[in-house]
Every structure is written in C-alpha cells, then in structure tokens.
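Colleague: Contents are mmCIF, C-alpha atoms and all ligand atoms; file name coords.cif:
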```cif
data_coords
#
loop_
_atom_site.label_atom_id
_atom_site.label_comp_id
_atom_site.auth_asym_id
_atom_site.auth_seq_id
_atom_site.Cartn_x
_atom_site.Cartn_y
_atom_site.Cartn_z
CA MET A 151 66.70 -7.35 -11.22
CA THR A 152 64.92 -4.02 -10.89
CA PRO A 153 61.49 -3.69 -12.54
CA GLU A 154 63.14 -1.59 -15.25
CA GLU A 155 65.67 -4.29 -16.02
CA GLN A 156 62.92 -6.89 -16.06
CA ASN A 157 60.88 -4.83 -18.46
CA PHE A 158 63.92 -4.36 -20.69
CA MET A 159 64.80 -8.06 -20.72
CA ARG A 160 61.18 -8.99 -21.43
CA LYS A 161 61.27 -6.85 -24.57
CA ILE A 162 64.55 -8.41 -25.65
CA GLU A 163 63.22 -11.93 -25.11
CA ASN A 164 59.99 -11.21 -27.00
CA GLU A 165 61.91 -9.84 -30.00
CA GLU A 166 60.49 -6.39 -29.36
CA LYS A 167 62.79 -3.55 -30.37
CA ILE A 168 64.28 -1.15 -27.87
CA GLU A 169 63.54 2.46 -28.84
CA PRO A 170 65.50 5.62 -27.95
CA LYS A 171 63.32 6.80 -25.06
CA ASP A 172 63.06 3.37 -23.41
CA TRP A 173 65.01 2.62 -20.27
CA MET A 174 68.13 0.59 -21.07
CA PRO A 175 71.13 -0.63 -19.06
CA GLU A 176 74.08 1.77 -19.25
CA GLU A 177 76.24 -1.06 -20.60
CA TYR A 178 73.76 -1.73 -23.40
CA ARG A 179 73.88 1.93 -24.37
CA LYS A 180 77.69 1.99 -24.27
CA ASN A 181 77.98 -1.20 -26.27
CA LEU A 182 75.65 0.18 -28.93
CA ILE A 183 77.45 3.51 -29.14
CA ARG A 184 80.75 1.69 -29.60
CA GLN A 185 79.42 -0.65 -32.27
CA ILE A 186 77.24 1.82 -34.22
CA SER A 187 79.82 4.63 -34.22
CA GLN A 188 82.51 2.19 -35.31
CA HIS A 189 80.19 1.08 -38.08
CA ALA A 190 79.53 4.71 -39.12
CA HIS A 191 83.24 5.54 -39.13
CA SER A 192 83.87 2.50 -41.33
CA GLU A 193 81.39 3.73 -43.92
CA VAL A 194 83.07 7.13 -43.99
CA ILE A 195 86.71 6.03 -43.94
CA GLY A 196 85.79 3.33 -46.46
CA MET A 197 85.24 6.05 -49.04
CA GLN A 198 88.98 6.75 -49.17
CA PRO A 199 90.44 3.58 -50.74
CA GLU A 200 87.80 3.69 -53.49
CA GLY A 201 87.71 7.46 -53.84
CA ASN A 202 91.37 7.09 -54.74
CA TRP A 203 90.25 5.54 -58.05
CA ILE A 204 87.27 7.65 -59.12
CA THR A 205 89.27 9.84 -61.50
CA ARG A 206 91.25 6.89 -62.82
CA ALA A 207 88.47 4.36 -63.38
CA PRO A 208 88.90 2.96 -66.90
CA SER A 209 85.71 4.31 -68.51
CA LEU A 210 83.09 6.98 -68.01
CA ARG A 211 80.60 4.28 -67.02
CA ARG A 212 82.92 2.87 -64.36
CA LYS A 213 83.60 6.38 -63.05
CA ALA A 214 79.89 7.11 -62.72
CA VAL A 215 79.25 3.76 -61.02
CA LEU A 216 82.10 4.19 -58.56
CA LEU A 217 81.07 7.75 -57.78
CA SER A 218 77.54 6.53 -57.01
CA LYS A 219 78.82 3.77 -54.80
CA VAL A 220 81.07 6.07 -52.81
CA GLN A 221 78.18 8.52 -52.46
CA ASP A 222 76.06 5.69 -51.04
CA GLU A 223 78.73 5.03 -48.41
CA ALA A 224 78.54 8.66 -47.29
CA GLY A 225 74.79 8.15 -46.94
CA HIS A 226 75.36 4.99 -44.89
CA GLY A 227 77.62 6.99 -42.61
CA LEU A 228 74.82 9.50 -42.12
CA TYR A 229 72.17 6.86 -41.36
CA LEU A 230 74.44 5.32 -38.75
CA TYR A 231 75.58 8.57 -37.14
CA SER A 232 71.90 9.55 -36.84
CA ALA A 233 71.04 6.19 -35.27
CA CYS A 234 73.92 6.60 -32.83
CA GLU A 235 72.90 10.15 -31.91
CA THR A 236 69.59 8.82 -30.59
CA LEU A 237 71.66 7.24 -27.80
CA GLY A 238 72.76 10.64 -26.52
CA ILE A 239 76.16 11.14 -28.13
CA SER A 240 76.69 14.08 -30.51
CA ARG A 241 78.05 13.90 -34.04
CA SER A 242 81.05 16.04 -33.17
CA GLU A 243 81.92 13.87 -30.17
CA MET A 244 81.95 10.85 -32.46
CA ILE A 245 84.10 12.56 -35.05
CA GLU A 246 86.50 13.67 -32.36
CA GLN A 247 86.78 10.08 -31.11
CA LEU A 248 87.54 8.92 -34.63
CA GLN A 249 90.16 11.58 -35.24
CA THR A 250 91.91 11.00 -31.92
CA GLY A 251 91.95 7.23 -32.39
CA LYS A 252 89.64 6.58 -29.45
CA ALA A 253 87.06 5.02 -31.77
CA LYS A 254 87.95 2.36 -34.29
CA TYR A 255 86.80 1.63 -37.81
CA SER A 256 87.03 -1.57 -39.82
CA SER A 257 90.65 -2.58 -40.37
CA ILE A 258 90.01 -3.50 -43.97
CA PHE A 259 90.22 0.16 -44.95
CA ASN A 260 93.83 0.35 -43.83
CA TYR A 261 94.86 -1.73 -46.82
CA PRO A 262 95.96 0.24 -49.90
CA THR A 263 94.21 0.06 -53.29
CA LEU A 264 97.16 -0.49 -55.61
CA THR A 265 95.43 -1.35 -58.88
CA TRP A 266 92.06 -0.93 -60.58
CA ALA A 267 91.33 -4.59 -59.83
CA ASP A 268 91.45 -3.74 -56.12
CA VAL A 269 88.35 -1.59 -56.59
CA GLY A 270 86.53 -4.58 -58.10
CA ALA A 271 87.76 -6.82 -55.31
CA ILE A 272 86.57 -4.36 -52.67
CA GLY A 273 83.06 -4.15 -54.09
CA TRP A 274 82.83 -7.89 -54.43
CA LEU A 275 84.58 -9.08 -51.26
CA VAL A 276 84.56 -6.19 -48.79
CA ASP A 277 81.00 -5.07 -49.49
CA GLY A 278 80.11 -8.76 -49.79
CA ALA A 279 81.40 -9.45 -46.29
CA ALA A 280 79.74 -6.30 -44.99
CA ILE A 281 76.42 -7.47 -46.45
CA VAL A 282 76.62 -10.83 -44.64
CA ASN A 283 77.11 -8.93 -41.40
CA GLN A 284 74.49 -6.28 -42.10
CA VAL A 285 71.79 -8.72 -43.17
CA SER A 286 72.18 -10.34 -39.78
CA LEU A 287 72.09 -6.95 -38.03
CA GLN A 288 68.71 -6.11 -39.57
CA ARG A 289 67.39 -8.13 -36.62
CA THR A 290 69.40 -6.25 -33.99
CA SER A 291 67.44 -5.31 -30.87
CA TYR A 292 67.89 -1.52 -31.10
CA GLY A 293 65.18 -0.04 -33.33
CA PRO A 294 67.05 2.84 -35.00
CA TYR A 295 70.06 0.58 -35.75
CA SER A 296 67.83 -2.12 -37.18
CA ARG A 297 65.99 0.34 -39.43
CA GLY A 298 69.29 1.78 -40.61
CA MET A 299 70.53 -1.70 -41.50
CA ILE A 300 67.40 -2.48 -43.51
CA ARG A 301 67.86 0.73 -45.49
CA ILE A 302 71.56 0.05 -46.03
CA CYS A 303 71.05 -3.55 -47.14
CA LYS A 304 68.71 -2.38 -49.90
CA GLU A 305 71.55 -0.30 -51.32
CA GLU A 306 74.45 -2.68 -50.80
CA SER A 307 73.55 -5.29 -53.36
CA PHE A 308 74.49 -2.93 -56.18
CA HIS A 309 77.89 -2.39 -54.54
CA GLN A 310 78.76 -6.04 -54.58
CA ARG A 311 77.41 -6.69 -58.05
CA GLN A 312 79.28 -3.80 -59.69
CA GLY A 313 82.50 -5.01 -58.04
CA TYR A 314 82.01 -8.56 -59.24
CA GLU A 315 81.19 -7.33 -62.72
CA ALA A 316 84.44 -5.33 -62.82
CA MET A 317 86.37 -8.42 -61.66
CA LEU A 318 84.62 -10.52 -64.30
CA ALA A 319 85.70 -8.12 -67.05
CA LEU A 320 89.32 -8.41 -65.91
CA ALA A 321 89.23 -12.16 -65.32
CA LYS A 322 87.90 -12.71 -68.85
CA GLY A 323 90.32 -10.16 -70.35
CA SER A 324 93.97 -10.32 -71.38
CA PRO A 325 96.45 -12.48 -69.43
CA ASP A 326 97.75 -9.31 -67.75
CA GLN A 327 94.27 -8.26 -66.70
CA LYS A 328 93.54 -11.73 -65.37
CA ALA A 329 96.78 -11.68 -63.38
CA MET A 330 95.77 -8.31 -61.94
CA ALA A 331 92.41 -9.72 -60.86
CA GLN A 332 94.08 -12.74 -59.27
CA ASP A 333 96.52 -10.52 -57.40
CA ALA A 334 93.69 -8.36 -56.04
CA LEU A 335 91.79 -11.46 -54.94
CA ASN A 336 94.88 -12.84 -53.22
CA ARG A 337 95.43 -9.64 -51.28
CA PHE A 338 91.83 -8.83 -50.32
CA TYR A 339 90.50 -12.31 -49.57
CA TRP A 340 92.17 -12.67 -46.17
CA PRO A 341 91.51 -9.18 -44.81
CA ALA A 342 87.88 -9.59 -45.95
CA LEU A 343 87.60 -12.69 -43.74
CA MET A 344 89.10 -10.71 -40.85
CA MET A 345 86.27 -8.16 -41.15
CA PHE A 346 84.09 -10.54 -39.14
CA GLY A 347 86.34 -9.98 -36.14
CA PRO A 348 88.30 -12.35 -33.92
CA HIS A 349 87.17 -15.87 -33.03
CA ASP A 350 84.23 -15.70 -30.67
CA SER A 351 86.39 -17.10 -27.89
CA GLU A 352 88.68 -14.04 -28.23
CA SER A 353 86.03 -11.41 -28.74
CA ALA A 354 85.70 -9.06 -25.80
CA HIS A 355 82.16 -7.90 -26.49
CA SER A 356 80.59 -10.92 -28.14
CA GLN A 357 78.82 -12.62 -25.29
CA LYS A 358 76.97 -9.67 -23.83
CA SER A 359 76.12 -8.43 -27.33
CA MET A 360 74.55 -11.77 -28.17
CA GLU A 361 72.61 -11.85 -24.92
CA TRP A 362 71.18 -8.41 -25.60
CA LYS A 363 70.61 -9.33 -29.24
CA ILE A 364 72.71 -6.43 -30.45
CA LYS A 365 74.51 -9.10 -32.45
CA ARG A 366 72.42 -11.97 -33.76
CA GLU A 367 75.05 -14.37 -35.07
CA THR A 368 78.59 -15.06 -33.94
CA ASN A 369 81.68 -13.81 -35.78
CA ASP A 370 82.68 -17.33 -36.76
CA ASP A 371 79.23 -18.28 -38.07
CA LEU A 372 79.05 -15.17 -40.23
CA ARG A 373 82.57 -15.74 -41.51
CA GLN A 374 81.66 -19.31 -42.45
CA LYS A 375 78.69 -18.04 -44.46
CA PHE A 376 81.00 -15.75 -46.40
CA VAL A 377 83.59 -18.47 -46.99
CA ASP A 378 80.87 -20.78 -48.32
CA GLN A 379 79.28 -18.28 -50.69
CA THR A 380 82.61 -17.08 -52.11
CA VAL A 381 83.87 -20.45 -53.38
CA LYS A 382 81.45 -20.58 -56.29
CA GLN A 383 82.03 -16.93 -57.12
CA ILE A 384 85.78 -17.50 -57.46
CA GLU A 385 85.11 -20.52 -59.63
CA VAL A 386 82.88 -18.56 -62.02
CA LEU A 387 85.60 -15.94 -62.39
CA GLY A 388 87.98 -18.73 -63.36
CA LEU A 389 90.47 -17.59 -60.72
CA GLU A 390 92.43 -19.67 -58.28
CA HIS A 391 91.20 -19.85 -54.69
CA PRO A 392 93.72 -18.11 -52.42
CA ASP A 393 93.15 -20.71 -49.70
CA LYS A 394 94.87 -23.96 -50.64
CA ASN A 395 93.10 -25.74 -47.78
CA ILE A 396 89.57 -24.93 -48.89
CA LYS A 397 87.65 -28.19 -48.91
CA TRP A 398 83.97 -29.17 -48.77
CA ASN A 399 83.09 -30.94 -45.54
CA GLU A 400 80.08 -33.15 -46.19
CA GLU A 401 79.45 -33.78 -42.53
CA ARG A 402 79.36 -30.09 -41.51
CA GLY A 403 77.71 -28.97 -44.73
CA HIS A 404 80.34 -26.21 -44.93
CA TYR A 405 83.75 -25.58 -46.40
CA ASP A 406 86.77 -26.16 -44.18
CA SER A 407 89.43 -23.47 -44.53
CA SER A 408 92.77 -22.26 -43.20
CA ASP A 409 92.95 -20.27 -40.01
CA LEU A 410 93.74 -16.60 -40.44
CA ASN A 411 96.90 -14.70 -39.66
CA TRP A 412 95.70 -13.23 -36.40
CA ASP A 413 99.02 -11.47 -35.71
CA GLU A 414 98.37 -9.37 -38.79
CA PHE A 415 94.80 -8.71 -37.62
CA TRP A 416 95.85 -7.43 -34.19
CA SER A 417 98.74 -5.48 -35.63
CA VAL A 418 96.51 -3.56 -38.09
CA ILE A 419 94.00 -2.86 -35.30
CA ALA A 420 96.86 -1.56 -33.18
CA GLY A 421 97.54 1.03 -35.89
CA ASN A 422 100.32 -0.62 -37.88
CA GLY A 423 98.49 -1.26 -41.14
CA HIS A 424 99.70 0.28 -44.40
CA CYS A 425 97.37 3.23 -44.33
CA ASN A 426 96.18 3.81 -40.73
CA ARG A 427 97.92 7.16 -40.36
CA GLN A 428 97.09 8.34 -43.86
CA ARG A 429 93.36 7.60 -43.45
CA ILE A 430 93.00 9.66 -40.30
CA GLU A 431 95.23 12.48 -41.58
CA HIS A 432 93.09 12.69 -44.68
CA HIS A 433 89.90 12.76 -42.62
CA VAL A 434 91.24 15.56 -40.42
CA ALA A 435 92.42 17.54 -43.46
CA ALA A 436 89.09 17.17 -45.27
CA HIS A 437 87.24 18.19 -42.12
CA ASP A 438 89.44 21.27 -41.62
CA GLU A 439 89.29 22.28 -45.27
CA GLY A 440 85.50 22.12 -45.10
CA GLU A 441 85.34 24.53 -42.20
CA TRP A 442 84.79 27.63 -44.34
CA VAL A 443 81.76 25.96 -45.91
CA ARG A 444 80.25 25.26 -42.52
CA ASP A 445 81.05 28.81 -41.40
CA ALA A 446 79.47 30.22 -44.54
CA ILE A 447 76.29 28.23 -43.96
CA THR A 448 76.04 29.51 -40.41
CA ALA A 449 76.76 33.11 -41.45
CA TYR A 450 74.21 32.95 -44.25
CA ASN A 451 71.58 31.63 -41.93
CA GLU A 452 72.32 34.30 -39.34
CA LYS A 453 71.88 36.92 -42.05
CA LYS A 454 68.54 35.44 -43.03
CA ARG A 455 67.41 35.41 -39.42
CA VAL A 456 68.24 39.08 -39.01
CA LYS A 457 66.45 39.98 -42.24
CA LYS A 458 63.39 38.05 -41.21
CA ALA A 459 63.33 39.82 -37.85
CA GLN A 460 63.65 43.22 -39.57
CA ASN A 461 60.82 42.44 -41.96
CA ALA A 462 58.63 41.37 -39.10
CA ALA A 463 59.36 44.56 -37.19
CA MET B 192 87.11 21.72 -33.55
CA THR B 193 84.02 23.69 -34.55
CA LYS B 194 80.85 21.98 -33.51
CA VAL B 195 78.68 23.07 -36.37
CA THR B 196 76.49 20.00 -36.37
CA GLU B 197 75.55 20.92 -32.83
CA LYS B 198 74.35 24.34 -33.90
CA LEU B 199 72.49 22.84 -36.82
CA GLU B 200 68.96 21.79 -36.15
CA LEU B 201 67.86 18.16 -36.21
CA PHE B 202 65.11 17.30 -38.68
CA GLU B 203 63.03 14.15 -39.06
CA VAL B 204 62.42 13.05 -42.64
CA PHE B 205 59.23 11.46 -43.98
CA VAL B 206 58.95 10.13 -47.52
CA ARG B 207 55.88 9.17 -49.52
CA SER B 208 56.99 6.41 -51.83
CA LYS B 209 53.98 6.53 -54.13
CA ARG B 210 50.90 8.67 -54.55
CA GLY B 211 48.14 7.13 -52.48
CA LEU B 212 50.46 5.90 -49.72
CA ASP B 213 51.29 7.53 -46.37
CA HIS B 214 54.45 9.48 -45.70
CA LYS B 215 56.72 7.20 -43.74
CA HIS B 216 59.50 8.15 -41.34
CA VAL B 217 62.85 7.28 -42.93
CA GLY B 218 65.44 8.93 -40.69
CA SER B 219 66.86 12.22 -39.54
CA LEU B 220 69.50 14.74 -40.52
CA HIS B 221 71.09 18.02 -39.46
CA ALA B 222 70.35 21.12 -41.49
CA GLU B 223 70.29 24.87 -41.15
CA ASP B 224 66.66 25.35 -42.11
CA HIS B 225 63.69 23.62 -43.73
CA GLU B 226 64.81 24.44 -47.23
CA GLN B 227 68.24 22.92 -46.75
CA ALA B 228 66.77 19.95 -44.90
CA LEU B 229 64.58 19.22 -47.92
CA GLU B 230 67.57 19.28 -50.26
CA TYR B 231 69.65 17.07 -47.99
CA ALA B 232 66.73 14.69 -47.60
CA ARG B 233 66.41 14.44 -51.37
CA ASP B 234 70.12 13.63 -51.69
CA CYS B 235 70.20 11.15 -48.81
CA TYR B 236 66.90 9.36 -48.93
CA THR B 237 65.66 9.44 -52.52
CA ARG B 238 68.64 8.54 -54.70
CA ARG B 239 66.76 5.64 -56.30
CA SER B 240 63.30 7.08 -56.85
CA GLU B 241 62.20 6.03 -53.36
CA GLY B 242 59.75 8.89 -53.14
CA VAL B 243 57.41 11.35 -54.80
CA SER B 244 57.10 13.68 -51.82
CA ILE B 245 59.18 14.55 -48.76
CA TRP B 246 58.22 16.10 -45.42
CA VAL B 247 60.83 17.50 -43.07
CA VAL B 248 59.89 18.37 -39.50
CA LYS B 249 62.06 19.85 -36.77
CA SER B 250 62.60 17.08 -34.24
CA ASN B 251 62.01 19.58 -31.45
CA ASP B 252 58.57 20.35 -32.80
CA ILE B 253 57.43 16.77 -32.41
CA CYS B 254 55.43 16.17 -29.29
CA SER B 255 55.23 12.52 -28.43
CA SER B 256 53.52 10.35 -25.85
CA GLN B 257 55.78 8.63 -23.36
CA GLU B 258 56.03 4.97 -24.20
CA ASP B 259 56.82 4.11 -20.60
CA ASP B 260 53.44 5.54 -19.62
CA ALA B 261 51.79 3.52 -22.37
CA ASP B 262 49.72 1.47 -19.93
CA CYS B 263 47.82 4.28 -18.27
CA PHE B 264 47.82 6.44 -21.40
CA TYR B 265 45.89 3.83 -23.39
CA ASP B 266 44.01 2.45 -20.42
CA PRO B 267 40.70 4.14 -21.21
CA SER B 268 40.33 2.03 -24.37
CA ASP B 269 41.23 -1.30 -22.88
CA ASP B 270 37.90 -1.95 -21.20
CA LYS B 271 35.88 -1.46 -24.37
CA PRO B 272 36.10 -4.80 -26.15
CA TYR B 273 32.88 -3.97 -28.00
CA ARG B 274 34.96 -1.70 -30.25
CA HIS B 275 36.36 -4.79 -31.92
CA ALA B 276 34.54 -6.62 -34.68
CA THR B 277 35.38 -9.99 -33.14
CA TYR B 278 33.30 -9.09 -30.06
CA TYR B 279 30.09 -9.85 -31.94
CA VAL B 280 29.26 -13.50 -32.32
CA LEU B 281 27.10 -14.04 -35.40
CA PRO B 282 25.74 -17.25 -36.94
CA ASP B 283 28.23 -19.04 -39.21
CA PRO B 284 26.43 -18.47 -42.53
CA VAL B 285 26.69 -14.70 -42.13
CA ASN B 286 29.92 -14.54 -40.11
CA ASN B 287 32.12 -13.17 -42.90
CA MET B 288 30.22 -9.89 -42.54
FE FE C 1 78.01 0.83 -46.87
FE FE C 2 78.82 -0.67 -49.68
#
```
As a first step, turn the structure in this file into structure tokens.

Modeller:
Amino acid sequence: MTPEEQNFMRKIENEEKIEPKDWMPEEYRKNLIRQISQHAHSEVIGMQPEGNWITRAPSLRRKAVLLSKVQDEAGHGLYLYSACETLGISRSEMIEQLQTGKAKYSSIFNYPTLTWADVGAIGWLVDGAAIVNQVSLQRTSYGPYSRGMIRICKEESFHQRQGYEAMLALAKGSPDQKAMAQDALNRFYWPALMMFGPHDSESAHSQKSMEWKIKRETNDDLRQKFVDQTVKQIEVLGLEHPDKNIKWNEERGHYDSSDLNWDEFWSVIAGNGHCNRQRIEHHVAAHDEGEWVRDAITAYNEKKRVKKAQNAA
Amino acid sequence: MTKVTEKLELFEVFVRSKRGLDHKHVGSLHAEDHEQALEYARDCYTRRSEGVSIWVVKSNDICSSQEDDADCFYDPSDDKPYRHATYYVLPDPVNNM
C-alpha cells in the first residue's frame, strides 16, 4: 500500500469520514458516484408515480400533504446531486447518464400507481424501505453523503406516516376501500422488498462497498429489518399479509419469509418494467420544456451584468 | 443538452437555526446570483422552520486550508501543552477550578 492508501484506510478503520479534498482510491470515488447518483435519480424519478395523483387526491388536505411530500423528494434529489458533485462529476453529466440509461434508479418507480391506495402504499412501504436503508447510510464513510442522509432521514418520517395514515383510512373504510388497500399492499409489498437489492451473494458491488464502509449493512440484513417491522403494521391495518410463508422464528429472533421473484427483479432492472420507458420520456420532456426558463434566467442575469457594468462606468 | 447548471454558480448555504446559535453549513446549490441563491436556499433548506437566518456564499470565494497539510499547518500549536487547562495540576480540593 502507498502512504496515501494507508492514510485513507486508517481513516476508514477509525470511523473518520472521508471529505471531498482527501485523497481516495479511484474505485472508491467511482463506487460513490454510481451509488449517490443512482440514489439522486431515484428521488427525482420517484416524484412521477406520486405526482400522478396530486390533482386527484381525495381531499384538499391529502392534496396538500402529497404536494409537500413530492416537493421534499425534489429536495432530496438536490441534496444528493450536490453531494455527488463534490466527487468531480457535474450535474448535467449525471442527468445525461440518467436520460441515456447509463445510470440506474430504483426499480420500484417503474411500477404504475393504479389507484389512490397505491399512493398510501408507496408512502408506507416504499418510503419505509428507503428509510431503513437511509438510516443505515447515515454512517457511510463519505462525509457529504452521510450529512445528506442525516438531513433526508429527518424529513422521511413524515412521508411514511402520511402513507400509513392514508392506508388506515381505507382499511377502516367501506369493503371496497378495504379491498383497494389490500390490492395495493399485495402489489407493492414484493417490489418494496426488492428495493434492498439482490442477495449479498449476487451483488456485484457489495463486498468492496462494505470494506470501504460506503454501505454499513448488507442488503439481506436491511431487508430482514423491513420484513420484521412490517408484520405488525399490516396487522394493525387489519389486512392480510401478502406472504403466506411469513412465520416468526424464535431461534433467529426474526420472521422467516418467502424468497422473492428474482426473475422479475432482473427483468425490471433490464428495462422491462411497466413504466421504464415512460419515466425517462417524461423526464426528458420535462427537462426540454423547462429550457426556456433556464434560458430566461441566463438572459436576465446577463442583462443585469451589463447594467451593472454601465452604472459603474 | 444545454448545460445551464454548469454556467450557474455554486453557492454554499449556512443556516442559523435559532437566535443565539451559530450559522451552520447545510449544503450547496446552483444559482444565478446571491439573491436567487437565498430564495432557493429558503425553499430547499428551511421548509420546516429550520432557520431564522440564511447566509449564502459563493463556493469559489471560500479559501480553505488543505487538510492534507494539516500536520505542518497546525504544528506550531502542538508543542504548547500549557495552553490546555489540564496542564496545571492543582490540589484536589480546588481542582474543579
Ligand atoms: Fe426521499
Ligand atoms: Fe420520501
């Protein structure tokens, strides 16, 4: 090991954070850029399935809540893009990678939101799963990423609680409403579990990421946490658990559960989910349609600069 | 693709959460000028009454010490242990001074 590498590894071992100007292995930098940009893209693309329901939410209160939540996600995207930029990649490079399919985002957002209950299920389960992951990432070794996660975690709790509250209203409502809640649970439960990624044995980046403390807990451990915490929540809703094999295992102190449909997982990642194409098309369209605003800002500023120079002269 | 965010300047954002406390660095953002940076900062970083005052500073205007040179940069202080309170050994009865 070179002295630089030694110094870097010493910081990692002592739980000291790595900061932007520190020396770091090229692979560490690449790994972080991949993970943080993917995380940022997920926040941004994640606005689409819920944004789809803002105008159709069943009351003014629910509209306001959903609007706030989606606005938070835009903010999360910003925090993460900023953290990623400290690694030497520009915002526009990242956006280009997203739009050309070179960078990924969480597969969960390629599932459609068919009913209002889906919005509740997303807040409860999808944000719930994201929280489990993000709480763990507060201890990640890269300083700007860690600080971003701490900030995001403070905001996420509201996301999950408003989703659960919406599910609760449906689950305690008419038989039709309850059926709608059950259907949303059945559809979103499995993809939510897939959000934690493949089994650790199949995960291409896991080992190095754990060594460098970019990731602090394995995919399977985090998934287990989520499985465990969700059982009681389903019970309180009075809904049926989608996994018929869910069973408390006294010895492990955890719930045993069915394995996931990994063919579906890999197929959605490969671009064959319900909404993959639509999500990116929408992102490109929104970006293009916003061009005149960006141009106007630049033109306005140029005008101000000229005026200022004239006044000074 | 237009690379507007590249033309936009990078700003660092500092928020004072309560009167009497320091401004604390909370993150960064791209904006055209100070005025716009302040508005963006308000929208991004103070949606839940996190602050009573915001500073925005152009990242380029920040001059920082090199952390890699930390050893020699801070060296001059390291051989002055008498700057620490614990350096002075006092009798027990008065030691909480
Ligand atoms: Fe988020
Ligand atoms: Fe969220």

Colleague: Have a look at CA of Glu306 in chain A and CA of Pro199 in chain A and let me know their distance in Å, one decimal.

Modeller: 17.2 Å

Colleague: Between A:Gly196, A:Pro262, A:Pro208, A:Pro170, which residue has the minimum interatomic distance to ligand FE 2 (chain C), considering only C-alpha atoms and all ligand atoms?

Modeller: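 Of A:Gly196, A:Pro262, A:Pro208, A:Pro170, the one nearest ligand FE 2 (chain C), counting only C-alpha atoms and all ligand atoms, is A:Gly196.
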
Colleague: As a VMD selection string, could you give me every residue of chain A near chain B (at most 9 Å apart, counting all atoms listed in the file)?

Modeller: chain A and resid 171 to 173 222 224 to 226 228 to 229 232 to 233 240 to 243 246 294 297 to 298 301 438 441 444 to 445 447 to 448 451

Colleague: If we count all atoms listed in the file, what is near Phe376 in chain A at a cut-off of 8 Å, once residues fewer than 6 positions away on the same chain are taken out, given as a list in words?

Modeller: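 Result of the neighbour search: Gly278, Ala279, Val282 and Leu343 of chain A.
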
Colleague: List as a compact mmCIF listing (two decimals) with C-alpha atoms, in the coordinates of the input the protein and nucleic acid residues near Met174 in chain A, meaning an atom at most 10 Å away when all atoms listed in the file are counted, but skip any in the same chain fewer than 4 places from it.

Modeller:
```
# COMPACT_ATOMS: atom_id res chain seq x y z
CA GLU A 154 63.14 -1.59 -15.25
CA GLU A 155 65.67 -4.29 -16.02
CA ASN A 157 60.88 -4.83 -18.46
CA PHE A 158 63.92 -4.36 -20.69
CA MET A 159 64.80 -8.06 -20.72
CA ILE A 168 64.28 -1.15 -27.87
CA GLU A 169 63.54 2.46 -28.84
CA PRO A 170 65.50 5.62 -27.95
CA TYR A 178 73.76 -1.73 -23.40
CA ARG A 179 73.88 1.93 -24.37
```

Colleague: Output range 371-383 of chain A with N, CA, C and O atoms present, as an mmCIF file, keeping the file's coordinate frame.

Modeller:
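For reference, result17.cif as written:
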```cif
data_model
loop_
_atom_site.group_PDB
_atom_site.id
_atom_site.type_symbol
_atom_site.label_atom_id
_atom_site.label_comp_id
_atom_site.auth_asym_id
_atom_site.auth_seq_id
_atom_site.Cartn_x
_atom_site.Cartn_y
_atom_site.Cartn_z
ATOM 1 N N ASP A 371 80.340 -17.808 -37.225
ATOM 2 C CA ASP A 371 79.230 -18.280 -38.070
ATOM 3 C C ASP A 371 79.070 -17.395 -39.309
ATOM 4 O O ASP A 371 78.840 -17.880 -40.417
ATOM 5 N N LEU A 372 79.186 -16.098 -39.098
ATOM 6 C CA LEU A 372 79.050 -15.170 -40.230
ATOM 7 C C LEU A 372 80.198 -15.358 -41.207
ATOM 8 O O LEU A 372 80.008 -15.373 -42.420
ATOM 9 N N ARG A 373 81.399 -15.544 -40.654
ATOM 10 C CA ARG A 373 82.570 -15.740 -41.510
ATOM 11 C C ARG A 373 82.409 -17.004 -42.352
ATOM 12 O O ARG A 373 82.719 -17.026 -43.536
ATOM 13 N N GLN A 374 81.877 -18.051 -41.726
ATOM 14 C CA GLN A 374 81.660 -19.310 -42.450
ATOM 15 C C GLN A 374 80.694 -19.098 -43.629
ATOM 16 O O GLN A 374 80.916 -19.616 -44.722
ATOM 17 N N LYS A 375 79.646 -18.338 -43.386
ATOM 18 C CA LYS A 375 78.690 -18.040 -44.460
ATOM 19 C C LYS A 375 79.407 -17.420 -45.649
ATOM 20 O O LYS A 375 79.159 -17.756 -46.804
ATOM 21 N N PHE A 376 80.273 -16.473 -45.343
ATOM 22 C CA PHE A 376 81.000 -15.750 -46.400
ATOM 23 C C PHE A 376 81.963 -16.683 -47.129
ATOM 24 O O PHE A 376 82.037 -16.668 -48.363
ATOM 25 N N VAL A 377 82.668 -17.505 -46.383
ATOM 26 C CA VAL A 377 83.590 -18.470 -46.990
ATOM 27 C C VAL A 377 82.805 -19.357 -47.965
ATOM 28 O O VAL A 377 83.214 -19.568 -49.111
ATOM 29 N N ASP A 378 81.670 -19.861 -47.507
ATOM 30 C CA ASP A 378 80.870 -20.780 -48.320
ATOM 31 C C ASP A 378 80.378 -20.131 -49.616
ATOM 32 O O ASP A 378 80.451 -20.721 -50.684
ATOM 33 N N GLN A 379 79.888 -18.904 -49.504
ATOM 34 C CA GLN A 379 79.280 -18.280 -50.690
ATOM 35 C C GLN A 379 80.337 -17.839 -51.709
ATOM 36 O O GLN A 379 80.042 -17.682 -52.892
ATOM 37 N N THR A 380 81.578 -17.638 -51.231
ATOM 38 C CA THR A 380 82.610 -17.080 -52.110
ATOM 39 C C THR A 380 83.246 -18.129 -53.023
ATOM 40 O O THR A 380 83.745 -17.795 -54.105
ATOM 41 N N VAL A 381 83.212 -19.403 -52.605
ATOM 42 C CA VAL A 381 83.870 -20.450 -53.380
ATOM 43 C C VAL A 381 83.369 -20.477 -54.827
ATOM 44 O O VAL A 381 84.141 -20.439 -55.781
ATOM 45 N N LYS A 382 82.044 -20.524 -54.966
ATOM 46 C CA LYS A 382 81.450 -20.580 -56.290
ATOM 47 C C LYS A 382 81.774 -19.329 -57.109
ATOM 48 O O LYS A 382 82.009 -19.393 -58.321
ATOM 49 N N GLN A 383 81.777 -18.202 -56.426
ATOM 50 C CA GLN A 383 82.030 -16.930 -57.120
ATOM 51 C C GLN A 383 83.446 -16.883 -57.693
ATOM 52 O O GLN A 383 83.668 -16.368 -58.789
#
```
